[in-house]
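Asker: Below is the file upload-v8.csv, with CSV, C-alpha atoms and all ligand atoms.
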```csv
chain,number,residue,atom,x,y,z
A,1340,MET,CA,13.2,-24.3,11.7
A,1341,ILE,CA,12.9,-20.5,11.4
A,1342,GLN,CA,15.7,-20.1,13.9
A,1343,LYS,CA,17.9,-22.5,11.9
A,1344,ARG,CA,17.3,-20.5,8.8
A,1345,LEU,CA,18.1,-17.2,10.5
A,1346,LYS,CA,21.3,-18.7,11.9
A,1347,LEU,CA,22.3,-19.9,8.4
A,1348,ALA,CA,21.5,-16.5,6.9
A,1349,ALA,CA,23.6,-14.8,9.6
A,1350,THR,CA,26.5,-17.2,9.0
A,1351,ILE,CA,26.4,-16.5,5.3
A,1352,ALA,CA,26.3,-12.8,5.9
A,1353,VAL,CA,29.4,-13.0,8.2
A,1354,ILE,CA,31.3,-15.1,5.6
A,1355,PHE,CA,30.3,-12.7,2.9
A,1356,MET,CA,31.5,-9.6,4.9
A,1357,ALA,CA,34.7,-11.4,6.0
A,1358,SER,CA,35.5,-12.4,2.4
A,1359,ASN,CA,34.9,-8.8,1.3
A,1360,SER,CA,37.2,-7.4,3.9
A,1361,ILE,CA,39.8,-10.0,3.0
A,1362,ASN,CA,39.5,-8.9,-0.6
A,1363,ALA,CA,39.8,-5.3,0.2
A,1364,GLN,CA,42.8,-5.6,2.4
A,1365,GLY,CA,44.3,-9.1,1.7
A,1366,ASN,CA,46.4,-8.4,-1.3
A,1367,LYS,CA,49.9,-8.1,0.0
A,1368,SER,CA,51.7,-7.3,-3.3
A,1369,SER,CA,52.5,-3.8,-4.3
A,1370,LEU,CA,53.0,-2.2,-7.7
A,1371,LYS,CA,55.2,0.5,-6.4
A,1372,LYS,CA,57.5,-1.9,-4.5
A,1373,THR,CA,57.6,-4.4,-7.4
A,1374,PHE,CA,58.5,-1.8,-10.0
A,1375,ASN,CA,60.7,0.1,-7.5
A,1376,ASN,CA,63.9,-0.2,-9.6
A,1377,ASP,CA,62.1,0.4,-12.9
A,1378,PHE,CA,59.9,3.4,-12.9
A,1379,LEU,CA,57.4,5.3,-10.7
A,1380,ILE,CA,53.8,3.8,-10.8
A,1381,GLY,CA,51.1,6.5,-10.6
A,1382,THR,CA,47.4,7.0,-10.5
A,1383,ALA,CA,45.0,9.9,-11.1
A,1384,MET,CA,43.2,11.1,-8.0
A,1385,ASP,CA,39.8,12.7,-7.8
A,1386,ALA,CA,38.7,15.2,-5.2
A,1387,ALA,CA,37.1,12.6,-2.8
A,1388,GLN,CA,40.2,10.5,-2.9
A,1389,ILE,CA,42.4,13.5,-2.1
A,1390,GLU,CA,40.3,14.1,0.9
A,1391,GLU,CA,40.5,10.4,1.9
A,1392,LYS,CA,36.7,10.1,1.8
A,1393,GLU,CA,36.8,6.7,0.0
A,1394,PRO,CA,38.1,4.1,2.5
A,1395,ASN,CA,39.1,1.5,-0.2
A,1396,ALA,CA,41.0,4.1,-2.3
A,1397,ALA,CA,42.5,5.6,0.9
A,1398,LYS,CA,44.0,2.1,1.7
A,1399,LEU,CA,45.0,1.2,-1.9
A,1400,ILE,CA,46.7,4.3,-3.1
A,1401,PRO,CA,49.5,4.5,-0.6
A,1402,GLN,CA,50.0,0.8,-0.8
A,1403,GLN,CA,50.2,0.5,-4.6
A,1404,PHE,CA,51.4,3.9,-6.0
A,1405,ASN,CA,54.3,6.3,-5.5
A,1406,ALA,CA,53.1,9.0,-7.9
A,1407,VAL,CA,49.8,10.8,-8.3
A,1408,THR,CA,48.3,13.2,-10.7
A,1409,PRO,CA,45.2,15.3,-9.8
A,1410,GLU,CA,42.6,14.2,-12.4
A,1411,ASN,CA,40.8,17.6,-12.4
A,1412,ILE,CA,41.4,19.9,-9.4
A,1413,MET,CA,44.5,21.7,-10.7
A,1414,LYS,CA,43.0,22.5,-14.1
A,1415,ALA,CA,42.6,26.3,-14.7
A,1416,GLU,CA,38.7,26.3,-14.5
A,1417,ILE,CA,38.9,24.9,-10.9
A,1418,ILE,CA,42.1,26.5,-9.5
A,1419,HIS,CA,41.7,29.9,-11.2
A,1420,PRO,CA,37.9,30.5,-11.4
A,1421,ALA,CA,37.9,34.3,-11.8
A,1422,TRP,CA,40.4,36.9,-13.1
A,1423,ASP,CA,41.9,37.6,-9.7
A,1424,LYS,CA,40.6,34.7,-7.7
A,1425,TYR,CA,42.4,31.4,-7.1
A,1426,ASN,CA,41.1,28.3,-5.4
A,1427,PHE,CA,44.0,26.4,-3.9
A,1428,ASP,CA,42.1,24.4,-1.3
A,1429,LEU,CA,42.2,21.0,-2.9
A,1430,ALA,CA,45.6,21.4,-4.4
A,1431,ASP,CA,47.0,22.3,-1.0
A,1432,LYS,CA,45.3,19.2,0.4
A,1433,LEU,CA,46.9,17.1,-2.4
A,1434,VAL,CA,50.4,18.5,-1.4
A,1435,ALA,CA,49.7,17.6,2.2
A,1436,TYR,CA,48.6,14.1,1.0
A,1437,GLY,CA,51.8,13.6,-1.0
A,1438,GLU,CA,53.9,14.6,2.1
A,1439,LYS,CA,52.0,12.3,4.4
A,1440,TYR,CA,52.5,9.2,2.2
A,1441,ALA,CA,55.8,10.2,0.4
A,1442,ILE,CA,54.1,10.2,-2.9
A,1443,LYS,CA,55.4,12.3,-5.8
A,1444,ILE,CA,52.9,14.8,-7.3
A,1445,ASN,CA,52.7,15.5,-11.0
A,1446,ALA,CA,50.7,18.7,-11.2
A,1447,HIS,CA,48.2,18.7,-14.1
A,1448,ASN,CA,48.2,21.2,-15.8
A,1449,LEU,CA,49.2,24.8,-16.5
A,1450,ILE,CA,48.2,25.5,-20.1
A,1451,TRP,CA,45.5,23.6,-21.9
A,1452,HIS,CA,42.9,24.8,-24.4
A,1453,SER,CA,40.2,22.8,-22.6
A,1454,GLN,CA,38.5,23.3,-19.1
A,1455,LEU,CA,39.5,27.0,-19.2
A,1456,PRO,CA,37.6,29.3,-16.7
A,1457,ALA,CA,34.5,30.9,-18.2
A,1458,PHE,CA,36.0,34.3,-17.9
A,1459,VAL,CA,38.8,33.4,-20.4
A,1460,LYS,CA,36.3,32.5,-23.1
A,1461,GLY,CA,35.0,36.1,-22.8
A,1462,ILE,CA,38.4,37.8,-23.2
A,1463,LYS,CA,38.7,39.4,-26.6
A,1464,SER,CA,42.0,41.4,-26.4
A,1465,THR,CA,45.3,39.8,-27.0
A,1466,ASP,CA,46.9,41.8,-24.1
A,1467,SER,CA,44.4,40.4,-21.7
A,1468,ILE,CA,45.0,36.8,-22.8
A,1469,LYS,CA,48.8,37.4,-22.4
A,1470,ILE,CA,48.2,38.8,-18.9
A,1471,PHE,CA,46.0,35.7,-18.0
A,1472,PHE,CA,48.7,33.4,-19.4
A,1473,GLU,CA,51.5,35.0,-17.5
A,1474,ASN,CA,49.6,35.5,-14.2
A,1475,HIS,CA,48.2,32.0,-14.3
A,1476,ILE,CA,51.6,30.3,-14.7
A,1477,LYS,CA,53.5,32.5,-12.3
A,1478,THR,CA,50.9,32.4,-9.5
A,1479,VAL,CA,50.1,28.6,-9.7
A,1480,ALA,CA,53.6,27.3,-10.5
A,1481,SER,CA,55.4,29.5,-7.9
A,1482,ARG,CA,52.9,28.5,-5.1
A,1483,TYR,CA,53.8,24.8,-5.6
A,1484,ASP,CA,57.5,25.2,-6.3
A,1485,GLY,CA,59.4,22.6,-4.2
A,1486,LYS,CA,56.0,21.1,-3.3
A,1487,VAL,CA,55.1,19.2,-6.4
A,1488,TYR,CA,57.6,17.0,-8.2
A,1489,SER,CA,56.6,18.0,-11.8
A,1490,TRP,CA,54.3,19.9,-14.0
A,1491,ASP,CA,52.4,19.1,-17.2
A,1492,VAL,CA,53.3,22.6,-18.4
A,1493,VAL,CA,51.5,22.4,-21.7
A,1494,ASN,CA,48.7,19.8,-22.5
A,1495,GLU,CA,47.4,18.7,-25.9
A,1496,ALA,CA,48.8,21.6,-28.0
A,1497,LEU,CA,48.9,19.4,-31.2
A,1498,ASN,CA,46.5,18.3,-33.9
A,1499,GLU,CA,46.6,14.8,-35.3
A,1500,ASP,CA,48.7,15.9,-38.3
A,1501,GLY,CA,51.4,17.4,-36.0
A,1502,THR,CA,50.5,21.0,-36.5
A,1503,LEU,CA,49.6,23.3,-33.6
A,1504,ARG,CA,46.0,23.1,-32.5
A,1505,ASN,CA,44.1,26.3,-33.3
A,1506,SER,CA,43.6,27.1,-29.6
A,1507,ILE,CA,42.9,30.5,-28.0
A,1508,PHE,CA,46.6,30.6,-27.1
A,1509,LEU,CA,47.8,30.0,-30.7
A,1510,GLN,CA,45.3,32.6,-32.0
A,1511,LYS,CA,46.3,35.3,-29.5
A,1512,LEU,CA,49.9,34.6,-28.7
A,1513,GLY,CA,51.3,32.9,-31.8
A,1514,PRO,CA,53.2,29.7,-32.2
A,1515,ASP,CA,55.9,30.6,-29.6
A,1516,TYR,CA,53.4,30.3,-26.8
A,1517,VAL,CA,54.5,26.7,-25.9
A,1518,THR,CA,58.1,27.7,-25.5
A,1519,GLU,CA,57.0,30.8,-23.5
A,1520,ALA,CA,54.9,28.6,-21.2
A,1521,PHE,CA,58.0,26.5,-20.4
A,1522,ARG,CA,60.1,29.6,-19.9
A,1523,LEU,CA,57.6,31.1,-17.4
A,1524,ALA,CA,57.2,27.8,-15.6
A,1525,GLN,CA,61.0,27.4,-15.3
A,1526,GLN,CA,61.2,30.9,-13.7
A,1527,ALA,CA,58.2,30.3,-11.4
A,1528,SER,CA,59.1,26.8,-10.4
A,1529,PRO,CA,62.8,26.2,-10.7
A,1530,HIS,CA,62.7,23.0,-8.7
A,1531,ALA,CA,60.0,21.2,-10.8
A,1532,GLN,CA,60.5,18.8,-13.6
A,1533,LEU,CA,58.7,20.2,-16.7
A,1534,TYR,CA,56.8,18.1,-19.2
A,1535,TYR,CA,54.8,18.3,-22.4
A,1536,ASN,CA,51.8,16.0,-22.3
A,1537,ASP,CA,49.5,14.8,-25.1
A,1538,TYR,CA,47.5,11.8,-26.5
A,1539,ASN,CA,48.3,10.0,-29.8
A,1540,ILE,CA,51.8,11.3,-29.9
A,1541,GLU,CA,53.0,7.8,-30.5
A,1542,GLU,CA,51.4,8.1,-34.0
A,1543,PRO,CA,54.0,9.1,-36.5
A,1544,LYS,CA,52.6,12.4,-37.7
A,1545,LYS,CA,51.7,13.7,-34.3
A,1546,ARG,CA,55.0,12.4,-32.9
A,1547,ALA,CA,56.9,14.4,-35.5
A,1548,GLY,CA,55.0,17.5,-34.4
A,1549,ALA,CA,55.9,16.8,-30.8
A,1550,ILE,CA,59.6,16.3,-31.7
A,1551,SER,CA,59.6,19.7,-33.5
A,1552,LEU,CA,58.0,21.3,-30.5
A,1553,ILE,CA,60.6,19.9,-28.1
A,1554,LYS,CA,63.5,20.8,-30.4
A,1555,LYS,CA,62.2,24.3,-30.6
A,1556,ILE,CA,62.0,24.6,-26.8
A,1557,GLN,CA,65.5,23.2,-26.4
A,1558,ALA,CA,66.9,25.5,-29.2
A,1559,ALA,CA,65.5,28.5,-27.3
A,1560,GLY,CA,67.6,27.4,-24.2
A,1561,VAL,CA,64.4,26.7,-22.2
A,1562,LYS,CA,64.2,23.7,-19.9
A,1563,ILE,CA,62.0,20.7,-20.8
A,1564,ASP,CA,62.6,17.5,-18.8
A,1565,GLY,CA,60.2,15.0,-20.3
A,1566,ILE,CA,57.3,14.0,-22.5
A,1567,GLY,CA,54.1,12.4,-21.4
A,1568,ILE,CA,52.4,10.0,-23.8
A,1569,GLN,CA,48.9,9.8,-22.3
A,1570,GLY,CA,48.1,6.3,-23.4
A,1571,HIS,CA,44.3,6.3,-23.9
A,1572,TRP,CA,44.0,3.1,-25.9
A,1573,HIS,CA,41.5,0.4,-27.0
A,1574,LEU,CA,41.4,-3.3,-26.4
A,1575,GLY,CA,43.1,-5.3,-29.1
A,1576,LYS,CA,44.3,-2.1,-30.8
A,1577,VAL,CA,47.1,-0.9,-28.7
A,1578,PRO,CA,49.7,0.5,-31.1
A,1579,PHE,CA,52.7,-1.4,-29.7
A,1580,LYS,CA,55.1,-0.7,-32.6
A,1581,ASN,CA,54.4,3.0,-32.6
A,1582,ILE,CA,54.7,3.1,-28.8
A,1583,GLU,CA,58.2,1.5,-28.9
A,1584,GLU,CA,59.4,3.7,-31.8
A,1585,SER,CA,58.2,6.8,-29.9
A,1586,ILE,CA,60.0,5.8,-26.7
A,1587,GLU,CA,63.2,5.4,-28.8
A,1588,GLU,CA,62.7,8.7,-30.7
A,1589,PHE,CA,61.7,10.9,-27.8
A,1590,SER,CA,64.5,9.6,-25.6
A,1591,LYS,CA,67.0,10.5,-28.3
A,1592,LEU,CA,66.1,14.2,-27.5
A,1593,GLY,CA,67.7,13.7,-24.1
A,1594,ILE,CA,64.3,13.8,-22.2
A,1595,LYS,CA,62.5,11.3,-20.0
A,1596,VAL,CA,59.5,9.5,-21.4
A,1597,MET,CA,56.4,8.9,-19.3
A,1598,PHE,CA,53.0,7.1,-19.8
A,1599,THR,CA,50.8,9.6,-18.0
A,1600,GLU,CA,47.1,8.6,-18.4
A,1601,LEU,CA,47.1,4.9,-19.1
A,1602,ASP,CA,43.8,3.1,-19.7
A,1603,ILE,CA,42.6,0.5,-22.2
A,1604,SER,CA,38.9,0.9,-23.1
A,1605,VAL,CA,37.1,-2.5,-23.7
A,1606,LEU,CA,34.1,-0.8,-25.3
A,1607,PRO,CA,33.3,-0.2,-28.9
A,1608,SER,CA,34.4,3.2,-30.2
A,1609,PRO,CA,32.0,5.4,-32.1
A,1610,PHE,CA,34.9,6.9,-34.0
A,1611,ASP,CA,37.1,5.5,-36.8
A,1612,HIS,CA,40.2,6.9,-35.2
A,1613,ASN,CA,41.7,6.9,-31.7
A,1614,THR,CA,41.2,10.1,-29.7
A,1615,ALA,CA,41.0,11.4,-26.2
A,1616,ASP,CA,39.6,14.8,-27.1
A,1617,VAL,CA,37.3,15.6,-24.2
A,1618,ASN,CA,34.9,17.5,-26.5
A,1619,ALA,CA,34.2,14.5,-28.7
A,1620,LYS,CA,30.7,13.2,-28.1
A,1621,ALA,CA,28.4,10.4,-29.4
A,1622,GLN,CA,25.0,8.8,-28.7
A,1623,ASN,CA,24.4,5.8,-26.5
A,1624,ASN,CA,22.7,2.6,-27.6
A,1625,ILE,CA,22.7,-1.0,-26.5
A,1626,LYS,CA,25.4,-2.1,-28.9
A,1627,MET,CA,27.7,0.6,-27.6
A,1628,ASN,CA,27.4,-0.7,-24.0
A,1629,PRO,CA,27.8,-4.5,-24.3
A,1630,TYR,CA,28.9,-5.3,-20.7
A,1631,PRO,CA,26.7,-3.5,-18.2
A,1632,ASN,CA,26.7,-6.5,-15.8
A,1633,GLY,CA,30.3,-7.7,-15.9
A,1634,LEU,CA,33.2,-8.4,-18.2
A,1635,PRO,CA,33.2,-11.8,-20.0
A,1636,ASP,CA,36.3,-13.9,-19.3
A,1637,SER,CA,37.3,-13.9,-22.9
A,1638,VAL,CA,37.5,-10.1,-23.0
A,1639,GLN,CA,39.3,-10.0,-19.6
A,1640,LEU,CA,41.9,-12.2,-21.2
A,1641,VAL,CA,42.5,-9.8,-24.1
A,1642,LEU,CA,42.8,-6.9,-21.6
A,1643,THR,CA,45.3,-8.9,-19.5
A,1644,ASN,CA,47.4,-9.7,-22.6
A,1645,ASP,CA,47.3,-6.1,-23.8
A,1646,TYR,CA,48.6,-4.9,-20.5
A,1647,ILE,CA,51.3,-7.6,-20.5
A,1648,SER,CA,52.6,-6.7,-23.9
A,1649,LEU,CA,52.6,-3.0,-23.0
A,1650,PHE,CA,54.5,-3.5,-19.8
A,1651,LYS,CA,57.0,-5.8,-21.6
A,1652,ILE,CA,57.8,-2.7,-23.8
A,1653,PHE,CA,58.0,-0.4,-20.7
A,1654,LEU,CA,60.3,-2.7,-18.9
A,1655,LYS,CA,62.6,-3.2,-21.9
A,1656,HIS,CA,63.0,0.6,-22.0
A,1657,LYS,CA,63.0,1.3,-18.3
A,1658,ASP,CA,66.2,3.3,-18.5
A,1659,VAL,CA,64.4,6.1,-20.2
A,1660,ILE,CA,60.9,5.7,-18.8
A,1661,SER,CA,60.5,7.5,-15.5
A,1662,ARG,CA,56.8,7.0,-14.7
A,1663,VAL,CA,53.7,5.0,-15.7
A,1664,THR,CA,50.5,6.4,-14.4
A,1665,PHE,CA,47.0,4.8,-14.7
A,1666,TRP,CA,44.2,7.3,-15.3
A,1667,GLY,CA,42.2,6.4,-12.2
A,1668,VAL,CA,42.4,4.0,-9.3
A,1669,ASN,CA,39.6,1.6,-10.3
A,1670,ASP,CA,37.0,1.1,-13.1
A,1671,THR,CA,34.3,3.0,-11.3
A,1672,GLN,CA,36.4,6.2,-11.4
A,1673,SER,CA,37.3,6.0,-15.0
A,1674,TRP,CA,36.3,9.0,-17.2
A,1675,LEU,CA,35.6,6.3,-20.0
A,1676,ASN,CA,32.3,5.4,-18.3
A,1677,ASP,CA,31.0,8.8,-19.5
A,1678,TRP,CA,33.1,9.6,-22.5
A,1679,PRO,CA,32.5,9.9,-25.4
A,1680,ILE,CA,29.1,8.3,-24.6
A,1681,PRO,CA,27.6,9.0,-21.2
A,1682,GLY,CA,26.4,6.2,-18.9
A,1683,ARG,CA,28.4,3.2,-20.2
A,1684,THR,CA,30.2,0.6,-18.2
A,1685,ASP,CA,33.9,0.3,-19.1
A,1686,TYR,CA,36.7,-1.8,-17.6
A,1687,PRO,CA,39.9,-0.1,-18.6
A,1688,LEU,CA,42.0,-0.3,-15.4
A,1689,ILE,CA,43.7,-3.0,-13.4
A,1690,PHE,CA,41.6,-2.7,-10.3
A,1691,ASP,CA,37.9,-3.6,-10.7
A,1692,ARG,CA,34.8,-1.8,-9.3
A,1693,LYS,CA,35.3,-3.4,-5.8
A,1694,PHE,CA,39.0,-2.3,-5.8
A,1695,GLN,CA,40.0,-5.9,-6.4
A,1696,PRO,CA,43.2,-6.5,-8.5
A,1697,LYS,CA,42.4,-8.0,-11.9
A,1698,GLU,CA,44.3,-10.8,-13.6
A,1699,ALA,CA,46.3,-8.1,-15.4
A,1700,TYR,CA,47.5,-6.7,-12.0
A,1701,TYR,CA,48.9,-10.1,-11.0
A,1702,LYS,CA,50.5,-10.7,-14.4
A,1703,LEU,CA,52.3,-7.3,-14.2
A,1704,ILE,CA,53.6,-8.1,-10.8
A,1705,GLU,CA,54.9,-11.5,-12.1
A,1706,LEU,CA,56.4,-9.8,-15.1
A,1707,ALA,CA,58.3,-7.3,-13.1
A,1708,LYS,CA,59.6,-9.9,-10.6
A,1709,HIS,CA,60.9,-12.2,-13.3
A,1710,LYS,CA,62.6,-9.3,-15.1
A,1711,LYS,CA,64.9,-8.7,-12.1
B,1801,LIG,O1,32.5,18.3,-10.6
B,1801,LIG,C1,31.4,18.5,-11.5
B,1801,LIG,C2,30.1,18.3,-10.9
B,1801,LIG,O2,30.0,19.3,-9.8
B,1801,LIG,C3,29.0,18.5,-11.9
B,1801,LIG,O3,27.8,18.2,-11.3
B,1801,LIG,C4,29.2,17.5,-13.0
B,1801,LIG,C5,28.1,17.6,-14.1
B,1801,LIG,O4,28.6,17.3,-15.4
B,1801,LIG,O5,30.4,17.7,-13.6
B,1801,LIG,C6,31.5,17.6,-12.7
B,1801,LIG,O6,32.7,17.9,-13.4
B,1801,LIG,C7,33.1,16.9,-14.3
B,1801,LIG,C8,34.6,16.6,-13.9
B,1801,LIG,O7,35.1,15.7,-14.8
B,1801,LIG,C9,34.6,15.9,-12.5
B,1801,LIG,O8,34.0,14.7,-12.5
B,1801,LIG,C10,33.1,17.5,-15.7
B,1801,LIG,O9,31.8,17.7,-16.1
B,1801,LIG,C11,33.9,16.6,-16.6
B,1801,LIG,O10,34.0,17.2,-17.9
B,1801,LIG,C12,35.2,16.3,-16.1
B,1801,LIG,O11,35.9,15.4,-17.0
B,1801,LIG,C13,37.3,15.3,-16.9
B,1801,LIG,C14,37.9,15.7,-18.2
B,1801,LIG,O12,39.3,15.5,-18.2
B,1801,LIG,C15,37.7,17.2,-18.5
B,1801,LIG,O13,38.4,18.0,-17.6
B,1801,LIG,C16,37.6,13.9,-16.6
B,1801,LIG,O14,37.2,13.6,-15.2
B,1801,LIG,C17,39.1,13.7,-16.6
B,1801,LIG,O15,39.4,12.3,-16.5
B,1801,LIG,C18,39.6,14.1,-18.0
B,1801,LIG,O16,41.0,14.0,-18.0
B,1801,LIG,C19,41.7,14.3,-19.3
B,1801,LIG,C20,43.1,14.9,-18.9
B,1801,LIG,O17,42.9,16.0,-18.1
B,1801,LIG,C21,43.8,15.3,-20.2
B,1801,LIG,N1,43.9,14.2,-21.2
B,1801,LIG,C22,42.6,13.6,-21.5
B,1801,LIG,C23,41.9,13.1,-20.2
B,1801,LIG,C24,40.7,12.3,-20.4
B,1801,LIG,O18,39.7,13.2,-21.0
```
Rewrite the coordinates I just gave you, this time as structure tokens.
Ligand code: G3I
Answerer:
Amino acid sequence: MIQKRLKLAATIAVIFMASNSINAQGNKSSLKKTFNNDFLIGTAMDAAQIEEKEPNAAKLIPQQFNAVTPENIMKAEIIHPAWDKYNFDLADKLVAYGEKYAIKINAHNLIWHSQLPAFVKGIKSTDSIKIFFENHIKTVASRYDGKVYSWDVVNEALNEDGTLRNSIFLQKLGPDYVTEAFRLAQQASPHAQLYYNDYNIEEPKKRAGAISLIKKIQAAGVKIDGIGIQGHWHLGKVPFKNIEESIEEFSKLGIKVMFTELDISVLPSPFDHNTADVNAKAQNNIKMNPYPNGLPDSVQLVLTNDYISLFKIFLKHKDVISRVTFWGVNDTQSWLNDWPIPGRTDYPLIFDRKFQPKEAYYKLIELAKHKK
């Protein structure tokens, strides 16, 4: 009897392991192949993934994506930790990763008010900020010239009303700092595509601010190749109309449009407005974390439908959209599990916590196939 039970348990274990390994490897379809004639399909990579320490991600990324953005490791606080000290280790590994798998790298980012190295916050003099600004762009951008495909040169320079954010760069260098950043990037990395990247720039006021910024850069004779609409949205509230209008308006400026940090949070927001400001914080409570043990089918369905509607717009405008990048490989990696409330369980991406494709994934594959 005991032997029979042990045998049954062993059989169940084998079936379970086999089904898991089929799940992890069995999906034969590929986003990058299916969208090959439309736009690049990207993901954000964390440090462990760059070092290929996560077996499931190591398999999935080259199979599904042809563009990657480092989620954190090229930000100033990591790559430039002290005045005259740079830490290129992980960025060099990312370049090697891109070469190994023929994946394009969008380097993120050169100038951002957030995640600055601690020493920058202590700088008081305008001259020293200017020297940091120039040295940082020249050193980092020139090292990767010809090695990365593109740069997010300036990230999140705008307020919601379209005015320039009161960052340390605006305070010390004045309103031309954005144009200057692009000028320096162009000199340091003449082979890279250069982009402006921000969230909520599909919203009319902020969009108008972005358009003025781009026109100003262009009027100065400085190169800008594209704009990244980050795409941090909420379930059932994706601003489809504004997104489509933005694609049309930005592309009229003669630049490429990208969706650079796509995710759709299914969790309640503690704010009355959409934001991706990393400094926004709120308290946790049971109501704010409704799905700790799994996503109900009814919610999954809304997520699927939001992704379908979004990609219908992307495909309609594929002539001007050059890349769509998800902000993370699977739900476990998503920054939304810890922002703006730490310790929640969100489900914003199209691969689940076991790296399984969700319904949305299959629907997007179908959509792209039928479009051709
Ligand atoms: O690596 C350290 C770890 O050593 C430490 O123990 C731990 C304790 O907090 O922090 C870890 O660093 C965290 C890092 O992510 C890596 O996980 C930082 O605290 C955390 O602030 C950081 O968050 C990142 C955030 O930008 C700020 O840089 C998110 O992963 C990243 O997804 C997010 O990405 C931004 C884009 O760059 C710009 N647009 C908005 C987007 C979402 O906020």
Asker: May I have the residues within 7 Å of A:Ile1568 as a PyMOL selection string, using all atoms listed in the file and disregarding those fewer than 2 positions away in the same chain?
Answerer: chain A and resi 1536-1538+1540+1566+1570+1597-1599
Asker: What separation in Å, quoted to one decimal, exists between atom CA of A:Val1659 and atom CA of A:Phe1579?
Answerer: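 According to the coordinates, atom CA of A:Val1659 and atom CA of A:Phe1579 are separated by 16.8 Å.
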Asker: What does the distance from atom CA of A:Gly1437 to atom O9 of ligand LIG 1801 (chain B) come to in Å, to one decimal?
Answerer: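 We find that atom CA of A:Gly1437 and atom O9 of ligand LIG 1801 (chain B) lie 25.4 Å from each other.
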Asker: What gap, in Å, lies between atom CA of A:Glu1438 and atom CA of A:Lys1708?
Answerer: 28.2 Å
Asker: Using all atoms listed in the file, pick whichever of A:Leu1574, A:Leu1379, A:Ala1446, A:Ile1625 has the shortest atom-to-atom distance to ligand LIG 1801 (chain B).
Answerer: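 With all atoms listed in the file as the atom set, the closest residue is A:Ala1446.
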Asker: Enumerate residues in contact with ligand LIG 1801 (chain B): an atom-to-atom distance of at most 9 Å, counting all atoms listed in the file. Format the result as a ChimeraX atom specification.
Answerer: /A:1383,1385-1386,1409-1412,1414,1416,1447-1448,1451,1453-1454,1494-1495,1536-1538,1569,1571,1599-1600,1615-1618,1666-1667,1672-1675,1677-1678
Asker: Those residues you just picked out, can you put them in a file as a compact mmCIF listing (two decimals), in the frame of the given file with C-alpha atoms?
Answerer:
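Ended up saving to result_0.txt:
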```
# COMPACT_ATOMS: atom_id res chain seq x y z
CA ALA A 1383 45.00 9.90 -11.10
CA ASP A 1385 39.80 12.70 -7.80
CA ALA A 1386 38.70 15.20 -5.20
CA PRO A 1409 45.20 15.30 -9.80
CA GLU A 1410 42.60 14.20 -12.40
CA ASN A 1411 40.80 17.60 -12.40
CA ILE A 1412 41.40 19.90 -9.40
CA LYS A 1414 43.00 22.50 -14.10
CA GLU A 1416 38.70 26.30 -14.50
CA HIS A 1447 48.20 18.70 -14.10
CA ASN A 1448 48.20 21.20 -15.80
CA TRP A 1451 45.50 23.60 -21.90
CA SER A 1453 40.20 22.80 -22.60
CA GLN A 1454 38.50 23.30 -19.10
CA ASN A 1494 48.70 19.80 -22.50
CA GLU A 1495 47.40 18.70 -25.90
CA ASN A 1536 51.80 16.00 -22.30
CA ASP A 1537 49.50 14.80 -25.10
CA TYR A 1538 47.50 11.80 -26.50
CA GLN A 1569 48.90 9.80 -22.30
CA HIS A 1571 44.30 6.30 -23.90
CA THR A 1599 50.80 9.60 -18.00
CA GLU A 1600 47.10 8.60 -18.40
CA ALA A 1615 41.00 11.40 -26.20
CA ASP A 1616 39.60 14.80 -27.10
CA VAL A 1617 37.30 15.60 -24.20
CA ASN A 1618 34.90 17.50 -26.50
CA TRP A 1666 44.20 7.30 -15.30
CA GLY A 1667 42.20 6.40 -12.20
CA GLN A 1672 36.40 6.20 -11.40
CA SER A 1673 37.30 6.00 -15.00
CA TRP A 1674 36.30 9.00 -17.20
CA LEU A 1675 35.60 6.30 -20.00
CA ASP A 1677 31.00 8.80 -19.50
CA TRP A 1678 33.10 9.60 -22.50
```
Asker: Which neighbours of A:Lys1460 fall inside 9 Å, counting all atoms listed in the file, when residues of the same chain fewer than 4 positions from it are skipped, and could you give them as an mmCIF file with C-alpha atoms, in the frame of the given file?
Answerer:
```cif
data_model
loop_
_atom_site.group_PDB
_atom_site.id
_atom_site.type_symbol
_atom_site.label_atom_id
_atom_site.label_comp_id
_atom_site.auth_asym_id
_atom_site.auth_seq_id
_atom_site.Cartn_x
_atom_site.Cartn_y
_atom_site.Cartn_z
ATOM 1 C CA LEU A 1455 39.500 27.000 -19.200
ATOM 2 C CA PRO A 1456 37.600 29.300 -16.700
ATOM 3 C CA ILE A 1507 42.900 30.500 -28.000
#
```
Asker: Which residue out of A:Ala1707, A:Leu1601, A:Leu1370, A:Ile1417 has the minimum interatomic distance to A:Thr1664 when all atoms listed in the file are used?
Answerer: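 Comparing A:Ala1707, A:Leu1601, A:Leu1370, A:Ile1417 against A:Thr1664, the winner is A:Leu1601.
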Asker: Please provide as a list in words all residues within 8 Å of A:Ala1520, with the sequence filter that same-chain residues fewer than 6 positions apart are discarded (counting only C-alpha atoms).
Answerer: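 Near A:Ala1520, the qualifying residues are Ile1450, Ile1476, Val1492 and Val1493 of chain A.
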Asker: Of the candidates A:Thr1518, A:Ser1590, A:Asn1624, A:Ser1585, which shows the shortest atom-to-atom distance to A:Gln1557, using all atoms listed in the file?
Answerer: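 Of A:Thr1518, A:Ser1590, A:Asn1624, A:Ser1585, the one nearest A:Gln1557 is A:Thr1518, counting all atoms listed in the file.
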Asker: If you count only C-alpha atoms, which residues fall within 12 Å of A:Phe1374, apart from same-chain ones fewer than 2 positions away, as a ChimeraX atom specification?
Answerer: /A:1368-1372,1376-1381,1403-1405,1650,1653-1654,1657,1660-1663,1703-1711
